[in-house]
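Chemist: Below is one structure. I have some questions about it.
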Number of protein chains: 2
Amino acid sequence: MSRRRVTLADLAQAAGVSRTTASLVMTGRGRELRISHDVEQKVLRAADELGYRPNAVSVGLRTGTTRTIGFVSDTVATSRLAGDMIKGALEAARERGVMLFIGETEGDPELERGLLHAMQDRQVDGIILAAMYTRMIKVPKDIGPAVLLNALPKSASGLPSIVPDEVGAGRSAARVLLEAGHHEDVYLIGAGPRSRDVPAARVAAVERLTGIEEAGLRIAGARVCADWQPEEGLAATRSLLAGHRPRALICLNDRLALGAYQALNDAGLSVPGDVSVVSFDDHPIASWMRPKLTTVALPHYELGRKAVEVLFAQMGEQAEPGRVHRVAMPVRHRESVAPP
Amino acid sequence: MSRRRVTLADLAQAAGVSRTTASLVMTGRGRELRISHDVEQKVLRAADELGYRPNAVSVGLRTGTTRTIGFVSDTVATSRLAGDMIKGALEAARERGVMLFIGETEGDPELERGLLHAMQDRQVDGIILAAMYTRMIKVPKDIGPAVLLNALPKSASGLPSIVPDEVGAGRSAARVLLEAGHHEDVYLIGAGPRSRDVPAARVAAVERLTGIEEAGLRIAGARVCADWQPEEGLAATRSLLAGHRPRALICLNDRLALGAYQALNDAGLSVPGDVSVVSFDDHPIASWMRPKLTTVALPHYELGRKAVEVLFAQMGEQAEPGRVHRVAMPVRHRESVAPP
DNA sequence: TCCCTTTGCTAAATCGGATTAGCGATGCGA
DNA sequence: TCGCATCGCTAATCCGATTTAGCAAAGGGA
């Protein structure tokens with residue numbers, strides 16, 4: 001029984017004016033175009049009574065802008081890591097009265113093309129191209145106003161990027177240990193010690209290692225893990241413990257740290273009494289682990305927000321082309337670090 | 001330098017026919033309306049050369065359908081639990097050439113109204129109203145074609161619901177233990193033993209307990225937890241161990257189970273040697289825990305898919321009003337269950 | 001040869017707004 | 001009283017498609 005939507009024509013008729021006048025009033029251009037106060041009130045009252053809301057599709061067709069942006073990711077939308085990224089984007093979008101389309105490419109260029117087309121066909125005002133893990137991506141031609149989120153362009157694209165400040169995060173992690181008094185017997189789990197000793201395509205790893213180096217922390221040794229999962233962290237740490245006696249561990253992410261905890265536990269070593277542990281990401285498990293894990297957080301929410309902000313600046317032409325925006329990664333001080 | 005989109009008029013001109021003819025060919029109605037094969041080919045060739053794609057906004061205005069649906073949730077989109085729900089919906093939507101708007105209400109009715117309006121103004125073809133945890137929700141008036149996902153209507157709304165089969169899940173969990181030979185000393189962590197002993201508004205809890213009861217498993221005792229977080233699981237299990245010697249634990253979700261593991265470990269009890277553990281949800285941590293947790297999975301992906309499928313049936317009028325679709329919850333057999 | 005049907009295509013209306021150009025009435029100065 | 005500017009509003013066009021109604025040419029039967 002849902003009756004037809006109220007259109008501008010209905011509104012005009014109810015108010016006894018022309019569609020032009022009604023439109024002028026509703027778009028706030030009444031004053032500018034000399035609509036009398038009386039008529040304006042009449043229209044506004046009628047609009048209120050009828051519950052008039054302009055049809056956004058029609059407006060989109062006429063004006064060419066739809067107050068809609070597209071969020072295209074490889075697989076971000078569905079990973080917990082990135083839920084907050086979407087949330088940030090969603091809230092920033094809502095503040096601007098903009099809706100979000102989402103789509104996932106699964107890393108398939110064909111799917112990506114299709115998605116971008118579907119969005120462009122729907123006249124999105126701009127596009128956020130997001131990646132699950134910070135990576136270099138190939139930017140499609142003719143994408144229109146867009147920003148890269150958690151990604152950097154493979155070749156100069158003129159598009160702005162928003163990425164976490166991983167180098168800063170590396171520095172922060174190192175400083176947490178230095179300030180606790182750890183100057184030696186610090187080992188890395190997941191990558192290192194040199195910044196080229198990283199699993200493939202892990203931009204974050206390189207930068208975290210660079211940051212650790214910059215902070216002037218001496219690294220006693222490291223174990224590289226191909227896949228940053230708990231099992232690898234367990235295996236790497238176990239192998240490390242066979243030959244060394246670490247006083248502190250920097251795990252390249254929280255899942256590795258989870259595995260490291262298990263290995264330390266198995267070896268009868270306590271955290272942080274015997275070994276301090278610092279990590280990266282601030283995955284939800286970090287605060288479930290015992291003792292709670294001190295970790296440098298990926299600012300997903302902020303990344304998402306920032307992407308929308310930069311996209312709007314971009315659309316307003318007030319953007320420096322190709323600028324890389326780095327979002328600070330805050331340290332979450334918890335219970336896994338103590339003096340040696 | 002992105003040149004203007006190719007419009008139907010451009011295509012018509014390039015092919016040397018009228019817009020009508022071009023449209024007829026492109027929408028596949030050429031045969032039906034007696035467009036000659038020659039002309040048809042000419043148009044198709046031109047379309048291919050120019051890369052013509054119809055402007056979806058215009059089509060939406062003219063036809064009233066936008067091939068777009070809205071996904072409105074309380075806070076689903078951003079929780080890991082629900083990432084897969086979105087993914088399922090996304091894939092099912094893609095298969096149908098439909099795009100997804102997403103929005104979060106944070107449980108705020110005002111926000112919800114705004115979001116629904118924003119979507120309706122954009123002429124979505126249908127709406128998925130989703131909830132983070134299975135709950136009863138108040139369905140807004142005049143929502144148009146819609147389905148409830150992981151939620152049930154507070155008052156009869158005629159809308160279909162898609163929810164996990166929690167009763168079946170309870171039965172499954174109980175059977176896992178029964179089949180392993182556990183007939184006594186089985187305790188519950190999180191809720192129970194009676195199906196009314198649950199934290200507020202937890203529909204899932206009630207049904208899981210009902211299922212456990214139905215399976216004929218005798219429950220020796222239970223601990224209710226207000227909030228289903230690891231810390232509560234730890235506390236509840238610790239308190240349980242003070243007075244009893246369980247042979248098996250059914251945790252009402254995986255986070256509680258994580259806490260239970262910690263308590264059992266502290267007490268020097270091994271899983272599954274001394275105590276078997278079964279749980280619900282199949283949260284990612286379930287396979288990170290050691291031993292890996294046997295748990296009854298929330299079928300998020302399937303729920304999301306199903307929501308889109310039912311929504312389409314709904315839009316095609318081929319739906320039974322108010323039907324509740326229950327999606328099976330599969331058991332993930334892992335390492336936390338052994339004979340007593 | 002004339003009339004009617006079929007074939008093959010197109011003009012025009014439509015969707016719901018935004019926008020441009022302009023029209024009639026009034027006010028004002030000369 | 002005439003001419004011109006200003007005021008207050010509206011007719012008409014446009015955005016890019018779909019869809020209805022109908023036109024001109026060709027074909028067929030009497």
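Letters A, B, ... go to the chains of the structure tokens in the order shown; residues in each chain start at 1; ligands are counted from 1 in the same order.
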Identify every residue of chain D that has at least one atom within 10 Å of any atom of chain B, counting only C-alpha atoms (C1' of nucleotides), and report the result as a list of chain:residue names.

Modeler: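 Taking only C-alpha atoms (C1' of nucleotides) into account, D:DC15, D:DG16, D:DA17, D:DT18, D:DT19 sit within 10 Å of chain B.
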
Chemist: How far apart are chain A and chain B by Cα RMSD after a least-squares superposition over every Cα, paired in order?

Modeler: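 Computed value for the CA RMSD is 0.1 Å.
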
Chemist: For range 239-244 of chain A, work out the shell of residues within 10 Å, counting only C-alpha atoms (C1' of nucleotides) and skipping chain neighbours fewer than 3 positions away, then give it as a ChimeraX atom specification.

Modeler: /A:185,187-189,220-223,233-236,247,263-264,267

Chemist: Pull N, CA and C atoms from the residues just selected and write them as a compact mmCIF listing (two decimals), in the first residue's frame.

Modeler:
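Saved the output as out.txt:
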```txt
# COMPACT_ATOMS: atom_id res chain seq x y z
N ASP A 185 70.00 -8.16 23.40
CA ASP A 185 69.21 -9.39 23.36
C ASP A 185 67.78 -9.15 22.90
N TYR A 187 65.27 -9.57 19.81
CA TYR A 187 65.16 -10.34 18.57
C TYR A 187 63.87 -9.99 17.82
N LEU A 188 63.92 -10.23 16.53
CA LEU A 188 62.74 -9.97 15.70
C LEU A 188 62.08 -11.28 15.28
N ILE A 189 60.77 -11.31 15.28
CA ILE A 189 60.03 -12.48 14.79
C ILE A 189 59.17 -12.05 13.59
N ALA A 220 69.67 -8.27 17.97
CA ALA A 220 70.59 -9.39 18.18
C ALA A 220 70.38 -10.50 17.15
N GLY A 221 69.18 -10.59 16.59
CA GLY A 221 68.93 -11.64 15.62
C GLY A 221 67.48 -11.61 15.18
N ALA A 222 67.16 -12.44 14.21
CA ALA A 222 65.80 -12.40 13.68
C ALA A 222 65.43 -13.71 13.03
N ARG A 223 64.14 -13.93 12.91
CA ARG A 223 63.62 -15.08 12.16
C ARG A 223 62.61 -14.56 11.16
N GLY A 233 54.72 -18.01 13.92
CA GLY A 233 55.31 -17.31 15.05
C GLY A 233 55.77 -18.31 16.09
N LEU A 234 54.94 -19.33 16.30
CA LEU A 234 55.30 -20.38 17.25
C LEU A 234 56.58 -21.08 16.82
N ALA A 235 56.61 -21.49 15.56
CA ALA A 235 57.77 -22.23 15.07
C ALA A 235 59.03 -21.38 15.12
N ALA A 236 58.91 -20.13 14.67
CA ALA A 236 60.08 -19.25 14.63
C ALA A 236 60.63 -19.01 16.03
N ARG A 247 65.83 -11.33 25.61
CA ARG A 247 65.22 -10.59 26.71
C ARG A 247 64.00 -9.83 26.20
N ALA A 263 55.08 -20.32 22.33
CA ALA A 263 56.42 -20.90 22.40
C ALA A 263 57.09 -20.54 23.72
N LEU A 264 56.95 -19.28 24.13
CA LEU A 264 57.57 -18.85 25.38
C LEU A 264 56.97 -19.62 26.54
N ALA A 267 58.28 -22.97 26.75
CA ALA A 267 59.67 -23.00 27.23
C ALA A 267 59.77 -22.60 28.69
```

Chemist: Give the residues of chain C that lie within 10 Å of chain A; count only C-alpha atoms (C1' of nucleotides), and format the answer as a list in words.

Modeler: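 The answer, sorted by residue number, is DC15, DG16, DG17, DA18 and DT19 of chain C.
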
Chemist: Using only C-alpha atoms and a distance of at most 8 Å, pull out the residues of chain B that contact chain A, as a ChimeraX atom specification.

Modeler: /B:2,53-58,60-61,77-87,90,99-104,118,121-123,142,144,230-231,285,288

Chemist: In range 5-79 of chain B, what's strand (DSSP E or B) per DSSP? Answer as number ranges by chain?

Modeler: B: 68-73

Chemist: If you count only C-alpha atoms (C1' of nucleotides), which residues fall within 9 Å of range 25-27 of chain D, apart from same-chain ones fewer than 2 positions away, as a list in words?

Modeler: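 Here the qualifying residues turn out to be DT5, DT6, DT7 and DG8 of chain C.
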
Chemist: So which residues touch Leu303 in chain A within 9 Å, counting only C-alpha atoms (C1' of nucleotides), skipping near sequence neighbours fewer than 6 positions away, as a PyMOL selection string?

Modeler: chain A and resi 84-85+88-89+149-150+162-164+326-327

Chemist: Can I get the selected residues back with C-alpha atoms, as a compact mmCIF listing (two decimals), in the first residue's frame?

Modeler:
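Below is the file that was written, again_26.txt:
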```txt
# COMPACT_ATOMS: atom_id res chain seq x y z
CA ASP A 84 37.18 -0.18 11.10
CA MET A 85 38.51 1.22 7.87
CA GLY A 88 35.80 5.43 9.41
CA ALA A 89 34.93 5.97 5.78
CA LEU A 149 43.79 3.68 0.72
CA ASN A 150 46.46 1.56 2.34
CA ILE A 162 46.62 7.31 2.47
CA VAL A 163 48.87 4.86 4.30
CA PRO A 164 49.79 4.12 7.88
CA ARG A 326 50.78 9.12 6.41
CA VAL A 327 48.56 8.40 9.37
```

Chemist: Tell me which protein, DNA and RNA residues are within 12 Å of DC23 in chain C, counting only C-alpha atoms (C1' of nucleotides), leaving out same-chain ones fewer than 5 positions away, and put them as a VMD selection string.

Modeler: chain D and resid 7 to 11

Chemist: Quick one: DSSP alpha helix (DSSP H) residues in range 136-329 of chain A, as a PyMOL selection string?

Modeler: chain A and resi 166-179+203-214+230-243+254-266+300-315

Chemist: As a ChimeraX atom specification, please: the residues near Ser195 in chain A (cut-off 6 Å, only C-alpha atoms (C1' of nucleotides), same-chain neighbours under 2 positions excluded).

Modeler: /A:192,197,206,209-210

Chemist: Can you measure CA of Ile250 in chain B to CA of Glu184 in chain B for me? One decimal in Å is fine.

Modeler: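 Separating CA of Ile250 in chain B from CA of Glu184 in chain B is a distance of 12.4 Å.
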
Chemist: For CA of Glu32 in chain A and C1' of DC28 in chain C, determine how far apart the two atoms are, in Å to one decimal place.

Modeler: 23.2 Å
